[in-house]
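Okay, input-v7.pdb is below, PDB, C-alpha atoms:
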```pdb
ATOM      1  CA  MET A 875      25.140 107.607 -12.330
ATOM      2  CA  VAL A 876      25.100 104.349 -14.281
ATOM      3  CA  THR A 877      23.055 104.120 -17.455
ATOM      4  CA  ILE A 878      21.819 100.656 -18.415
ATOM      5  CA  THR A 879      20.537 100.822 -21.990
ATOM      6  CA  GLU A 880      17.270  99.173 -23.038
ATOM      7  CA  SER A 881      19.108  96.453 -24.953
ATOM      8  CA  ALA A 882      21.274  95.709 -21.895
ATOM      9  CA  GLN A 883      18.182  95.610 -19.673
ATOM     10  CA  GLU A 884      16.533  93.090 -22.019
ATOM     11  CA  TYR A 885      19.669  90.945 -22.117
ATOM     12  CA  LEU A 886      20.136  90.997 -18.330
ATOM     13  CA  ALA A 887      16.433  90.207 -17.793
ATOM     14  CA  GLU A 888      16.776  87.204 -20.138
ATOM     15  CA  LEU A 889      19.835  85.934 -18.243
ATOM     16  CA  LEU A 890      18.094  86.417 -14.896
ATOM     17  CA  SER A 891      15.024  84.501 -16.067
ATOM     18  CA  LYS A 892      17.225  81.393 -16.304
ATOM     19  CA  GLN A 893      18.444  81.719 -12.707
ATOM     20  CA  GLU A 894      16.179  80.318 -10.003
ATOM     21  CA  ASP A 895      17.830  81.966  -7.021
ATOM     22  CA  ALA A 896      18.946  85.335  -8.408
ATOM     23  CA  LEU A 897      17.304  88.411  -6.887
ATOM     24  CA  GLY A 898      18.718  90.638  -9.629
ATOM     25  CA  VAL A 899      22.186  91.899 -10.483
ATOM     26  CA  ARG A 900      24.875  93.575  -8.413
ATOM     27  CA  VAL A 901      27.230  96.115  -9.983
ATOM     28  CA  PHE A 902      30.590  96.799  -8.351
ATOM     29  CA  ILE A 903      34.219  97.575  -9.068
ATOM     30  CA  ASN A 904      37.088  95.372  -7.927
ATOM     31  CA  GLN A 905      40.106  97.430  -6.814
ATOM     32  CA  PRO A 906      38.386 100.778  -7.472
ATOM     33  CA  GLY A 907      40.600 103.789  -7.958
ATOM     34  CA  THR A 908      43.616 101.764  -9.082
ATOM     35  CA  PRO A 909      45.050 100.912 -12.516
ATOM     36  CA  ARG A 910      43.754  97.356 -11.960
ATOM     37  CA  ALA A 911      40.130  98.464 -11.444
ATOM     38  CA  GLU A 912      37.618  96.106 -13.013
ATOM     39  CA  THR A 913      33.902  96.825 -13.367
ATOM     40  CA  CYS A 914      31.714  93.798 -12.702
ATOM     41  CA  ILE A 915      28.087  92.733 -12.992
ATOM     42  CA  ALA A 916      27.145  89.563 -11.141
ATOM     43  CA  TYR A 917      24.001  87.710 -10.200
ATOM     44  CA  CYS A 918      22.809  88.956  -6.828
ATOM     45  CA  ARG A 919      21.687  86.196  -4.495
ATOM     46  CA  ASP A 920      20.709  86.050  -0.837
ATOM     47  CA  GLY A 921      23.722  87.059   1.203
ATOM     48  CA  ASP A 922      25.291  89.163  -1.567
ATOM     49  CA  LEU A 923      23.614  92.422  -0.576
ATOM     50  CA  GLN A 924      25.668  94.753   1.577
ATOM     51  CA  GLU A 925      24.678  97.621   3.808
ATOM     52  CA  GLY A 926      24.644 100.852   1.848
ATOM     53  CA  ASP A 927      24.031  99.250  -1.558
ATOM     54  CA  ASP A 928      22.027 101.537  -3.830
ATOM     55  CA  GLU A 929      18.926  99.715  -5.119
ATOM     56  CA  ARG A 930      17.508 100.609  -8.540
ATOM     57  CA  ARG A 931      14.436  98.974 -10.037
ATOM     58  CA  TYR A 932      14.157  98.484 -13.767
ATOM     59  CA  ASP A 933      11.149  97.135 -15.683
ATOM     60  CA  ALA A 934      12.223  93.480 -15.546
ATOM     61  CA  PHE A 935      14.792  93.287 -12.729
ATOM     62  CA  THR A 936      16.442  95.036  -9.806
ATOM     63  CA  ALA A 937      20.056  96.155  -9.697
ATOM     64  CA  TRP A 938      22.108  96.908  -6.602
ATOM     65  CA  PHE A 939      25.146  99.168  -6.867
ATOM     66  CA  ASP A 940      27.938  98.699  -4.344
ATOM     67  CA  ALA A 941      28.143 101.786  -2.121
ATOM     68  CA  ARG A 942      31.966 101.876  -2.180
ATOM     69  CA  SER A 943      31.920 101.711  -5.989
ATOM     70  CA  LEU A 944      29.386 104.507  -6.549
ATOM     71  CA  PRO A 945      31.889 107.373  -7.072
ATOM     72  CA  TYR A 946      33.773 105.188  -9.555
ATOM     73  CA  LEU A 947      30.567 104.317 -11.415
ATOM     74  CA  GLU A 948      29.777 107.956 -12.169
ATOM     75  CA  ASP A 949      28.974 108.281 -15.913
ATOM     76  CA  ALA A 950      29.192 104.488 -16.433
ATOM     77  CA  LEU A 951      27.340 102.870 -19.327
ATOM     78  CA  VAL A 952      26.164  99.266 -19.610
ATOM     79  CA  ASP A 953      25.156  98.315 -23.160
ATOM     80  CA  TYR A 954      24.390  95.195 -25.155
ATOM     81  CA  ALA A 955      25.026  94.979 -28.881
ATOM     82  CA  LYS A 956      23.740  92.070 -30.943
ATOM     83  CA  ASP A 957      26.012  90.649 -33.598
ATOM     84  CA  ARG A 958      26.347  87.520 -35.763
ATOM     85  CA  MET A 959      27.837  85.580 -32.841
ATOM     86  CA  GLY A 960      25.001  86.482 -30.489
ATOM     87  CA  GLY A 961      26.042  89.700 -28.844
ATOM     88  CA  GLN A 962      28.244  91.338 -26.277
ATOM     89  CA  LEU A 963      27.556  93.094 -22.999
ATOM     90  CA  THR A 964      29.931  96.011 -22.486
ATOM     91  CA  ILE A 965      30.553  98.126 -19.429
ATOM     92  CA  LYS A 966      32.275 101.472 -19.799
ATOM     93  CA  ALA A 967      33.176 103.146 -16.525
ATOM     94  CA  PRO A 968      35.459 106.103 -17.281
ATOM     95  CA  ASN A 969      35.993 106.877 -13.588
ATOM     96  CA  ALA A 970      36.728 103.302 -12.410
ATOM     97  CA  LYS A 971      40.474 103.736 -12.233
ATOM     98  CA  MET A 972      40.461 107.281 -10.947
ATOM     99  CA  PRO A 973      37.266 108.934  -9.745
ATOM    100  CA  ARG A 974      36.730 112.588  -9.296
ATOM    101  CA  VAL A 975      38.151 113.245  -5.858
ATOM    102  CA  ASP A 976      37.806 116.279  -3.639
ATOM    103  CA  GLU A 977      38.179 117.094   0.050
ATOM    104  CA  ASN A 978      34.905 115.265   0.781
ATOM    105  CA  SER A 979      35.994 112.007  -0.875
ATOM    106  CA  PRO A 980      36.879 109.034   1.352
ATOM    107  CA  LEU A 981      40.470 109.082   2.611
ATOM    108  CA  GLU A 982      41.264 105.864   0.677
ATOM    109  CA  ASP A 983      40.256 107.535  -2.597
ATOM    110  CA  ARG A 984      42.398 110.589  -1.901
ATOM    111  CA  ILE A 985      45.407 108.415  -0.967
ATOM    112  CA  ASN A 986      45.031 106.319  -4.144
ATOM    113  CA  TYR A 987      44.720 109.474  -6.212
ATOM    114  CA  LEU A 988      48.015 110.816  -4.839
ATOM    115  CA  LEU A 989      49.784 107.460  -5.133
ATOM    116  CA  TYR A 990      48.827 106.929  -8.769
ATOM    117  CA  ASN A 991      49.197 110.520  -9.941
ATOM    118  CA  GLU A 992      52.166 111.846  -7.966
ATOM    119  CA  VAL A 993      54.088 109.085  -6.194
ATOM    120  CA  ASN A 994      54.059 106.211  -8.688
ATOM    121  CA  PRO A 995      55.171 108.275 -11.691
ATOM    122  CA  ALA A 996      58.332 109.150  -9.718
ATOM    123  CA  LEU A 997      58.883 105.536  -8.604
ATOM    124  CA  ALA A 998      58.371 104.280 -12.157
ATOM    125  CA  ALA A 999      61.749 105.766 -13.117
ATOM    126  CA  HIS A1000      63.295 102.936 -11.071
ATOM    127  CA  GLY A1001      60.711 100.330 -12.073
ATOM    128  CA  GLY A1002      58.871 100.627  -8.773
ATOM    129  CA  GLU A1003      55.348 101.189  -7.571
ATOM    130  CA  VAL A1004      53.430 101.464  -4.315
ATOM    131  CA  SER A1005      49.798 100.625  -3.591
ATOM    132  CA  LEU A1006      47.439 101.154  -0.690
ATOM    133  CA  VAL A1007      46.504  98.020   1.254
ATOM    134  CA  GLU A1008      44.310  99.676   3.876
ATOM    135  CA  VAL A1009      43.866 102.643   6.161
ATOM    136  CA  THR A1010      43.977 101.560   9.802
ATOM    137  CA  GLU A1011      41.454 102.722  12.381
ATOM    138  CA  ASP A1012      44.159 104.848  13.996
ATOM    139  CA  GLY A1013      44.793 106.744  10.723
ATOM    140  CA  TYR A1014      47.848 105.059   9.175
ATOM    141  CA  ALA A1015      48.109 104.157   5.492
ATOM    142  CA  VAL A1016      49.422 100.608   5.088
ATOM    143  CA  LEU A1017      51.318 100.358   1.800
ATOM    144  CA  ARG A1018      52.867  97.619  -0.321
ATOM    145  CA  PHE A1019      55.828  98.299  -2.592
ATOM    146  CA  GLY A1020      56.414  96.352  -5.779
ATOM    147  CA  GLY A1021      58.675  96.209  -8.795
ATOM    148  CA  GLY A1022      62.078  97.817  -8.265
ATOM    149  CA  CYS A1023      61.063  99.066  -4.797
ATOM    150  CA  GLN A1024      60.591  95.590  -3.339
ATOM    151  CA  GLY A1025      63.835  94.681  -1.609
ATOM    152  CA  CYS A1026      65.548  97.953  -2.578
ATOM    153  CA  SER A1027      68.085  99.174  -0.020
ATOM    154  CA  ALA A1028      66.732 102.737  -0.298
ATOM    155  CA  VAL A1029      63.106 101.826   0.413
ATOM    156  CA  ASP A1030      63.134 103.312   3.933
ATOM    157  CA  GLN A1031      64.252 106.668   2.529
ATOM    158  CA  THR A1032      61.637 106.425  -0.232
ATOM    159  CA  LEU A1033      58.932 105.543   2.294
ATOM    160  CA  LYS A1034      59.655 108.311   4.809
ATOM    161  CA  GLY A1035      61.248 111.029   2.670
ATOM    162  CA  GLY A1036      59.104 110.609  -0.391
ATOM    163  CA  VAL A1037      55.834 108.743   0.006
ATOM    164  CA  GLU A1038      54.968 109.663   3.605
ATOM    165  CA  LYS A1039      56.008 113.290   3.143
ATOM    166  CA  THR A1040      53.892 113.663  -0.024
ATOM    167  CA  LEU A1041      50.826 112.042   1.523
ATOM    168  CA  MET A1042      50.986 113.867   4.848
ATOM    169  CA  GLU A1043      51.551 117.283   3.259
ATOM    170  CA  GLN A1044      48.334 116.926   1.289
ATOM    171  CA  LEU A1045      46.315 114.794   3.735
ATOM    172  CA  PRO A1046      46.887 116.263   7.199
ATOM    173  CA  GLU A1047      44.417 113.828   8.829
ATOM    174  CA  LEU A1048      46.781 110.956   7.961
ATOM    175  CA  LYS A1049      48.956 109.948  10.949
ATOM    176  CA  GLY A1050      51.680 108.263   8.893
ATOM    177  CA  VAL A1051      52.480 105.322   6.631
ATOM    178  CA  ARG A1052      53.492 101.752   7.280
ATOM    179  CA  ASP A1053      55.152  99.318   4.900
ATOM    180  CA  MET A1054      53.941  95.715   4.791
ATOM    181  CA  THR A1055      56.192  94.639   1.906
ATOM    182  CA  ASP A1056      58.410  91.564   2.240
ATOM    183  CA  HIS A1057      61.731  93.169   1.337
ATOM    184  CA  SER A1058      63.695  89.943   1.726
ATOM    185  CA  ASP A1059      62.912  89.214  -1.936
ATOM    186  CA  ARG A1060      65.510  91.341  -3.723
ATOM    187  CA  SER A1061      65.145  89.738  -7.166
ATOM    188  CA  HIS A1062      63.755  92.925  -8.790
ATOM    189  CA  ALA A1063      65.318  95.513  -6.464
ATOM    190  CA  TYR A1064      66.624  98.691  -8.049
ATOM    191  CA  TYR A1065      69.565  99.019  -5.614
TER     192      TYR A1065
END
```
Same coordinates, now as structure tokens:
Amino acid sequence: MVTITESAQEYLAELLSKQEDALGVRVFINQPGTPRAETCIAYCRDGDLQEGDDERRYDAFTAWFDARSLPYLEDALVDYAKDRMGGQLTIKAPNAKMPRVDENSPLEDRINYLLYNEVNPALAAHGGEVSLVEVTEDGYAVLRFGGGCQGCSAVDQTLKGGVEKTLMEQLPELKGVRDMTDHSDRSHAYY
């Protein structure tokens, strides 16, 4: 799980002491499992807590870890290093962009893993990419194409013959894929 060093605990406790309405800190990852993943620590106030958050008490404060982010926070380290300019809080989360996934991982994680490790490397040859927007309640992956795929005349073939086939072969519980990309913008289209 996440390690918060003593120096980071002291620094966070000092910051929290200056906040009247903060309950503690909340640790989460924006866009987990994607190349744009960003690990965040924020003040946690009334209304910020979510069902399933993992609560951890430290000597001087409480931290809540976002349930959805937990697999991505495996082996994460929060540290604070003093320097001449004051200091710097650093967060290293080696699994933020791509967690360890297995057959028990959430479907979204397994889809992202396949998209970023198998599908996108092939699309990159044409300057394209695809990302997961959501998984619908009825089991469809809603995708958004970008780069050279947005507006490309071959996108339907890529979607059905490439992306959907790859995902459904490896994720049999998936019912199919849907494209929500606005393909009327052809400014970066490969074809």
Quick check on the file I pasted: which residues fall under the PyMOL selection byres ((chain A and resi 983-999) around 9)? Write them as a PyMOL selection string.
chain A and resi 906-909+972-973+975-977+979-982+1000-1006+1015+1021-1023+1032+1036-1037+1040-1041+1044-1045
Based on the selection just made, write C-alpha atoms of those residues as a PDB file, in the frame of the given file.
```pdb
ATOM      1  CA  PRO A 906      38.386 100.778  -7.472  1.00  0.00           C
ATOM      2  CA  GLY A 907      40.600 103.789  -7.958  1.00  0.00           C
ATOM      3  CA  THR A 908      43.616 101.764  -9.082  1.00  0.00           C
ATOM      4  CA  PRO A 909      45.050 100.912 -12.516  1.00  0.00           C
ATOM      5  CA  MET A 972      40.461 107.281 -10.947  1.00  0.00           C
ATOM      6  CA  PRO A 973      37.266 108.934  -9.745  1.00  0.00           C
ATOM      7  CA  VAL A 975      38.151 113.245  -5.858  1.00  0.00           C
ATOM      8  CA  ASP A 976      37.806 116.279  -3.639  1.00  0.00           C
ATOM      9  CA  GLU A 977      38.179 117.094   0.050  1.00  0.00           C
ATOM     10  CA  SER A 979      35.994 112.007  -0.875  1.00  0.00           C
ATOM     11  CA  PRO A 980      36.879 109.034   1.352  1.00  0.00           C
ATOM     12  CA  LEU A 981      40.470 109.082   2.611  1.00  0.00           C
ATOM     13  CA  GLU A 982      41.264 105.864   0.677  1.00  0.00           C
ATOM     14  CA  HIS A1000      63.295 102.936 -11.071  1.00  0.00           C
ATOM     15  CA  GLY A1001      60.711 100.330 -12.073  1.00  0.00           C
ATOM     16  CA  GLY A1002      58.871 100.627  -8.773  1.00  0.00           C
ATOM     17  CA  GLU A1003      55.348 101.189  -7.571  1.00  0.00           C
ATOM     18  CA  VAL A1004      53.430 101.464  -4.315  1.00  0.00           C
ATOM     19  CA  SER A1005      49.798 100.625  -3.591  1.00  0.00           C
ATOM     20  CA  LEU A1006      47.439 101.154  -0.690  1.00  0.00           C
ATOM     21  CA  ALA A1015      48.109 104.157   5.492  1.00  0.00           C
ATOM     22  CA  GLY A1021      58.675  96.209  -8.795  1.00  0.00           C
ATOM     23  CA  GLY A1022      62.078  97.817  -8.265  1.00  0.00           C
ATOM     24  CA  CYS A1023      61.063  99.066  -4.797  1.00  0.00           C
ATOM     25  CA  THR A1032      61.637 106.425  -0.232  1.00  0.00           C
ATOM     26  CA  GLY A1036      59.104 110.609  -0.391  1.00  0.00           C
ATOM     27  CA  VAL A1037      55.834 108.743   0.006  1.00  0.00           C
ATOM     28  CA  THR A1040      53.892 113.663  -0.024  1.00  0.00           C
ATOM     29  CA  LEU A1041      50.826 112.042   1.523  1.00  0.00           C
ATOM     30  CA  GLN A1044      48.334 116.926   1.289  1.00  0.00           C
ATOM     31  CA  LEU A1045      46.315 114.794   3.735  1.00  0.00           C
TER      32      LEU A1045
END
```
Quick one: everything within 10 Å of A:Thr877, counting only C-alpha atoms, minus sequence neighbours fewer than 5 positions away in the same chain. Send it as number ranges by chain.
A: 882, 947-953, 965-966
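Neighbours of A:Ala937 closer than or equal to 10 Å, with only C-alpha atoms counted and sequence neighbours fewer than 4 positions away skipped, come out as A:Ile878, A:Leu897, A:Gly898, A:Val899, A:Arg900, A:Val901, A:Ile915, A:Ala916, A:Tyr917, A:Cys918, A:Asp927, A:Asp928, A:Glu929, A:Arg930, A:Arg931, A:Tyr932.
With atom CA of A:Asn904 on one side and atom CA of A:Thr1010 on the other, the separation reads 20.0 Å.
Against the coordinates shown, the PyMOL selection byres ((chain A and resi 954) around 9) returns Thr879, Glu880, Ser881, Ala882, Gln883, Glu884, Tyr885, Val952, Asp953, Ala955, Lys956, Gly961, Gln962, Leu963, Thr964 and Ile965 of chain A.
The coordinates place atom CA of A:Gly926 at 23.8 Å from atom CA of A:Ala887.
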Would you write out, as number ranges by chain, every residue that the PyMOL selection byres ((chain A and resi 1016) around 10) captures in this file?
A: 1005-1010, 1013-1015, 1017-1018, 1050-1055
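For the residues A:Gln1031, A:Ala941, A:Leu889, A:Asp922, ranking by smallest atom-to-atom distance to A:Phe902 using only C-alpha atoms places A:Ala941 first.
Closest approach to A:Ser891 from the set A:Val876, A:Ile903, A:Ala934, A:Ala911 is made by A:Ala934, with distances taken over all atoms listed in the file.
Distance-wise, atom CA of A:Asn978 and atom CA of A:Lys1034 end up 26.0 Å apart.
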Around all the atoms of stretch 1045-1056 of chain A listed in the file, with 3 Å of room on each side, what axis-aligned box do you get, giving centre and edge lengths in Å to one decimal, as JSON?
```
{"center_x": 51.4, "center_y": 103.9, "center_z": 6.4, "size_x": 20.0, "size_y": 30.7, "size_z": 15.0}
```
